[in-house]
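See below for the structure under consideration.
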Amino acid sequence: MADLTRDTVLEALGRVRGPDLDRSIVEMKMVSDIFISDGKVYFSINVPAERAQELEPLRQAAERTVKALPGVKGAVVSLTAERKQGSAPPPPRPQAGAPAHSHGHSHAPAPSGTQRSKAGVPGIEAIIAVASGKGGVGKSTTAVNLALALKANGLRVGILDADVYGPSMPRLLGITGRPQQIENRIIVPMENFGIKVMSMGFLVDEGTAMIWRGPMVQSALMQMLREVAWGDLDVLVVDMPPGTGDAQLTMAQQVPLSGAVIVSTPQDLALIDARKGLNMFNKVEVPVLGIVENMSYFIAPDTGHRYDIFGHGGARKEAEKIGVPFLGEVPLTISIREHSDDGTPVVVAEPESPQTAVYLSIAEKVWAEVKARSGRTAPAIVFE
């Protein structure tokens with residue numbers, strides 16, 4: 001059997017006609033970088049934004065063609081559209097015979113085209129992004145403990161690991177193995193501690209280098225969000241990659257985020273980068289639910305003395321300065337680090353600890369912000 005290579009896939013896709021029916025999608029340079037891992041082929045097809053819905057059969061044809069190749073165990077194919085800066089997004093096209101609101105959510109009139117163009121995810125009432133302007137501030141640890149704290153507060157919770165290049169949820173939640181795929185290419189999420197989880201770390205080997213450009217990242221994120229059997233969730237927590245690159249913009253621009261939580265450490269350098277994240281969400285009209293100061297202070301386990309290793313209070317001052325809620329101070333403790341490394345986050349490993357109490361308080365404040373912005377008292381979100 002011939003080896004499955006990028007050239008093999010491109011040769012097969014050369015038989016798939018593009019929208020003009022005169023040339024193939026390869027000849028028209030519509031195919032993004034192709035990534036192959038464990039017999040699965042990942043790529044996207046670039047199409048005009050205004051024709052994305054009508055060209056769904058083109059995506060299906062490309063997928064069938066690749067799946068028919070020897071050695072292919074599965075194919076992840078998405079349509080991507082690059083819109084020129086300043087151009088208005090097209091209005092959504094409802095399917096023939098479908099009601100205007102086919103996802104089961106209430107839709108309030110939206111003042112902006114940005115929010116109006118974002119399709120909801122059936123069954124998920126609220127989507128919260130946990131973001132940081134730079135790496136190394138404990139964002140993923142904060143995201144996983146926030147998700148578990150929301151669960152402890154009585155909500156149905158899932159977590160999406162949107163860091164394609166450095167997925168950490170499999171390790172943080174102690175989950176191994178690969179998810180199952182059911183009919184219509186839908187993936188069954190992994191689960192532990194009562195929350196559903198999806199991560200690129202489940203789909204590729206841990207040592208695999210993900211050398212992807214923007215369209216491939218966008219394709220992978222949209223599949224992990226929209227082609228997963230999440231079921232009914234009150235909230236999906238999205239662990240964003242650090243910074244303000246392709247993945248962050250994809251999630252902010254294409255996903256109906258209920259809001260974002262910004263994680264920073266107290267020192268000025270981290271706060272400068274945190275401001276970049278805040279500005280990004282403001283530009284794409286995603287509300288900032290608040291700021292968390294992580295590694296806020298250190299309590300020596302032997303003496304009980306407190307040390308402000310990275311300074312203290314910088315994130316609180318920043319929140320007050322820009323007018324967003326300050327959600328809380330998470331201490332720098334050995335137990336949080338050890339439990340994260342062991343795959344049993346501190347919220348489940350030490351439910352009565354002071355550290356867990358901090359996360360539970362942050363979760364309460366976050367959910368209160370989500371409900372307040374939705375204009376409801378019940379756990380349901382109006383996607384604008």
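Note on naming: chains are A, B, ... as they come in the structure tokens, residues start from 1 per chain, ligands start from 1 in the order shown.
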
query = If we count only C-alpha atoms, what is near A:Lys365 at a cut-off of 12 Å, once residues fewer than 5 positions away on the same chain are taken out, given as an NGL selection string?
reply = :A and (146 or 149-150 or 153 or 261 or 289-292 or 325-328 or 358-360 or 370-372)

Writing out the chosen residues with N, CA and C atoms as a compact mmCIF listing (two decimals), in the first residue's frame:
# COMPACT_ATOMS: atom_id res chain seq x y z
N LEU A 146 -11.44 26.92 37.03
CA LEU A 146 -12.68 27.68 36.87
C LEU A 146 -13.80 26.77 36.38
N ALA A 149 -14.88 24.61 39.17
CA ALA A 149 -15.60 25.40 40.17
C ALA A 149 -17.02 25.71 39.70
N LEU A 150 -17.18 26.00 38.42
CA LEU A 150 -18.53 26.19 37.88
C LEU A 150 -19.36 24.92 38.03
N ASN A 153 -20.42 24.52 41.50
CA ASN A 153 -21.51 25.46 41.81
C ASN A 153 -22.84 25.04 41.19
N VAL A 261 -12.60 36.01 30.26
CA VAL A 261 -11.90 36.21 31.52
C VAL A 261 -10.42 36.36 31.20
N LEU A 289 -15.50 39.82 31.12
CA LEU A 289 -16.20 39.52 32.36
C LEU A 289 -15.39 39.91 33.58
N GLY A 290 -14.08 40.03 33.41
CA GLY A 290 -13.25 40.43 34.54
C GLY A 290 -11.83 39.94 34.40
N ILE A 291 -10.99 40.34 35.37
CA ILE A 291 -9.58 39.98 35.40
C ILE A 291 -9.28 39.16 36.65
N VAL A 292 -8.48 38.12 36.47
CA VAL A 292 -7.99 37.30 37.58
C VAL A 292 -6.50 37.58 37.75
N PRO A 325 -14.69 44.23 35.99
CA PRO A 325 -14.67 43.62 37.32
C PRO A 325 -13.32 42.97 37.65
N PHE A 326 -12.94 43.05 38.91
CA PHE A 326 -11.80 42.28 39.39
C PHE A 326 -12.36 41.03 40.05
N LEU A 327 -11.94 39.86 39.54
CA LEU A 327 -12.58 38.60 39.93
C LEU A 327 -11.95 37.94 41.14
N GLY A 328 -10.65 38.18 41.38
CA GLY A 328 -10.05 37.56 42.54
C GLY A 328 -8.56 37.36 42.41
N VAL A 358 -11.09 30.21 46.64
CA VAL A 358 -10.83 31.33 45.74
C VAL A 358 -11.45 31.05 44.37
N TYR A 359 -11.22 29.83 43.84
CA TYR A 359 -11.76 29.50 42.52
C TYR A 359 -13.30 29.47 42.54
N LEU A 360 -13.89 28.97 43.63
CA LEU A 360 -15.35 28.96 43.72
C LEU A 360 -15.90 30.38 43.71
N VAL A 370 -22.12 36.83 33.61
CA VAL A 370 -22.76 36.27 32.40
C VAL A 370 -24.27 36.46 32.48
N LYS A 371 -24.87 36.15 33.64
CA LYS A 371 -26.32 36.28 33.79
C LYS A 371 -26.75 37.75 33.70
N ALA A 372 -25.95 38.62 34.31
CA ALA A 372 -26.31 40.04 34.28
C ALA A 372 -26.29 40.58 32.85

Selection near stretch 158-168 of chain A, 7 Å with only C-alpha atoms, sequence-local residues under 4 positions removed, as a PyMOL selection string = chain A and resi 147+172+195-201+210+217+221+233+235-241

Export C-alpha atoms of the chosen residues as a PDB file, in the first residue's frame?
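Generated output (part32.pdb):
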ATOM      1  CA  ALA A 147     -14.511  25.002  34.872  1.00  0.00           C
ATOM      2  CA  LEU A 172      -4.287  18.748  33.562  1.00  0.00           C
ATOM      3  CA  ILE A 195     -16.995  17.796  32.781  1.00  0.00           C
ATOM      4  CA  LYS A 196     -16.769  17.129  29.043  1.00  0.00           C
ATOM      5  CA  VAL A 197     -13.459  17.896  27.370  1.00  0.00           C
ATOM      6  CA  MET A 198     -12.174  18.316  23.824  1.00  0.00           C
ATOM      7  CA  SER A 199      -8.545  18.984  22.928  1.00  0.00           C
ATOM      8  CA  MET A 200      -6.197  18.583  19.982  1.00  0.00           C
ATOM      9  CA  GLY A 201      -4.079  16.641  22.470  1.00  0.00           C
ATOM     10  CA  MET A 210       1.835  21.255  15.028  1.00  0.00           C
ATOM     11  CA  VAL A 217      -5.849  26.409  13.031  1.00  0.00           C
ATOM     12  CA  LEU A 221     -10.936  24.898  16.192  1.00  0.00           C
ATOM     13  CA  LEU A 233     -24.316  22.477  28.729  1.00  0.00           C
ATOM     14  CA  VAL A 235     -21.410  26.779  29.990  1.00  0.00           C
ATOM     15  CA  LEU A 236     -18.448  25.849  27.807  1.00  0.00           C
ATOM     16  CA  VAL A 237     -15.109  27.183  29.060  1.00  0.00           C
ATOM     17  CA  VAL A 238     -12.607  27.799  26.254  1.00  0.00           C
ATOM     18  CA  ASP A 239      -8.931  27.716  27.218  1.00  0.00           C
ATOM     19  CA  MET A 240      -7.510  30.144  24.675  1.00  0.00           C
ATOM     20  CA  PRO A 241      -3.894  30.099  23.517  1.00  0.00           C
TER      21      PRO A 241
END

query = If you run DSSP on the backbone, which residues of stretch 133-260 of chain A are strand (DSSP E or B), as a PyMOL selection string?
reply = chain A and resi 157-161+181+187+190-192+195-199+228+233+235-239+259-260

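Considering the residues A:Val157, A:Ile36, A:Leu13, A:Ala229 and counting only C-alpha atoms, A:Arg185 has its shortest atom-to-atom contact with A:Ala229.
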
query = atom CA of A:Met28 to atom CA of A:Glu54: how many Å, to one decimal?
reply = 17.8 Å

Length of the atom CA of A:Ile299 to atom CA of A:Glu352 vector [Å] = 17.4 Å

ask   = Got a sec: who's within 7 Å of A:His312, counting only C-alpha atoms, leaving out chain neighbours fewer than 2 positions off, as a ChimeraX atom specification?
value = /A:266,296-297,308,310,314

Close residues, A:Ser32 itself excluded, 7 Å, only C-alpha atoms, min 3 positions apart in chain, as a PDB file with C-alpha atoms, in the first residue's frame:
ATOM      1  CA  PHE A  43      -7.118  20.703   5.749  1.00  0.00           C
ATOM      2  CA  SER A  44      -9.416  23.565   4.869  1.00  0.00           C
ATOM      3  CA  ILE A  45     -10.808  25.002   1.642  1.00  0.00           C
ATOM      4  CA  PRO A 215      -6.517  28.463   8.010  1.00  0.00           C
ATOM      5  CA  MET A 216      -5.559  25.092   9.486  1.00  0.00           C
TER       6      MET A 216
END

So which residues of stretch 118-283 of chain A fall under helix (DSSP H, G or I) by DSSP, listed as a compact mmCIF listing (two decimals) with C-alpha atoms, in the first residue's frame?
# COMPACT_ATOMS: atom_id res chain seq x y z
CA LYS A 139 -4.00 30.55 32.24
CA SER A 140 -4.72 26.87 31.57
CA THR A 141 -4.57 26.00 35.28
CA THR A 142 -6.98 28.86 35.92
CA ALA A 143 -9.28 27.71 33.10
CA VAL A 144 -9.52 24.12 34.30
CA ASN A 145 -10.10 25.08 37.94
CA LEU A 146 -12.68 27.68 36.87
CA ALA A 147 -14.51 25.00 34.87
CA LEU A 148 -14.47 22.62 37.83
CA ALA A 149 -15.60 25.40 40.17
CA LEU A 150 -18.53 26.19 37.88
CA LYS A 151 -19.39 22.48 37.99
CA ALA A 152 -19.13 22.49 41.79
CA MET A 169 -6.08 19.71 29.08
CA PRO A 170 -5.27 15.98 28.68
CA ARG A 171 -2.49 16.32 31.26
CA LEU A 172 -4.29 18.75 33.56
CA GLU A 183 -22.23 9.28 12.59
CA ASN A 184 -21.91 12.46 10.54
CA ARG A 185 -18.30 12.98 11.64
CA MET A 200 -6.20 18.58 19.98
CA GLY A 201 -4.08 16.64 22.47
CA PHE A 202 -6.55 13.76 22.11
CA GLY A 214 -3.98 30.31 10.20
CA PRO A 215 -6.52 28.46 8.01
CA MET A 216 -5.56 25.09 9.49
CA VAL A 217 -5.85 26.41 13.03
CA GLN A 218 -9.25 27.86 12.20
CA SER A 219 -10.39 24.59 10.67
CA ALA A 220 -9.33 22.53 13.69
CA LEU A 221 -10.94 24.90 16.19
CA MET A 222 -14.26 25.01 14.37
CA GLN A 223 -14.39 21.23 14.19
CA MET A 224 -13.60 20.83 17.88
CA LEU A 225 -16.34 23.32 18.69
CA ARG A 226 -19.13 22.54 16.24
CA ASP A 246 -4.98 33.51 14.58
CA ALA A 247 -6.59 31.14 17.08
CA GLN A 248 -7.72 33.93 19.38
CA LEU A 249 -9.16 35.99 16.54
CA THR A 250 -10.94 32.94 15.10
CA MET A 251 -12.67 32.24 18.41
CA ALA A 252 -13.46 35.89 19.09
CA GLN A 253 -14.79 36.64 15.59
CA GLN A 254 -16.65 33.43 14.76
CA ASP A 268 3.80 45.36 34.96
CA LEU A 269 5.12 43.28 32.04
CA ALA A 270 2.28 40.76 32.27
CA LEU A 271 -0.26 43.55 32.64
CA ILE A 272 0.99 45.25 29.47
CA ASP A 273 0.31 42.02 27.56
CA ALA A 274 -3.03 41.57 29.33
CA ARG A 275 -4.10 44.96 27.96
CA LYS A 276 -3.50 43.63 24.44
CA GLY A 277 -5.94 40.82 25.09
CA LEU A 278 -8.46 43.25 26.52
CA ASN A 279 -8.16 45.48 23.47
CA MET A 280 -8.62 42.52 21.12
CA PHE A 281 -11.88 41.47 22.77
CA ASN A 282 -13.11 45.07 22.80
CA LYS A 283 -12.46 45.42 19.06
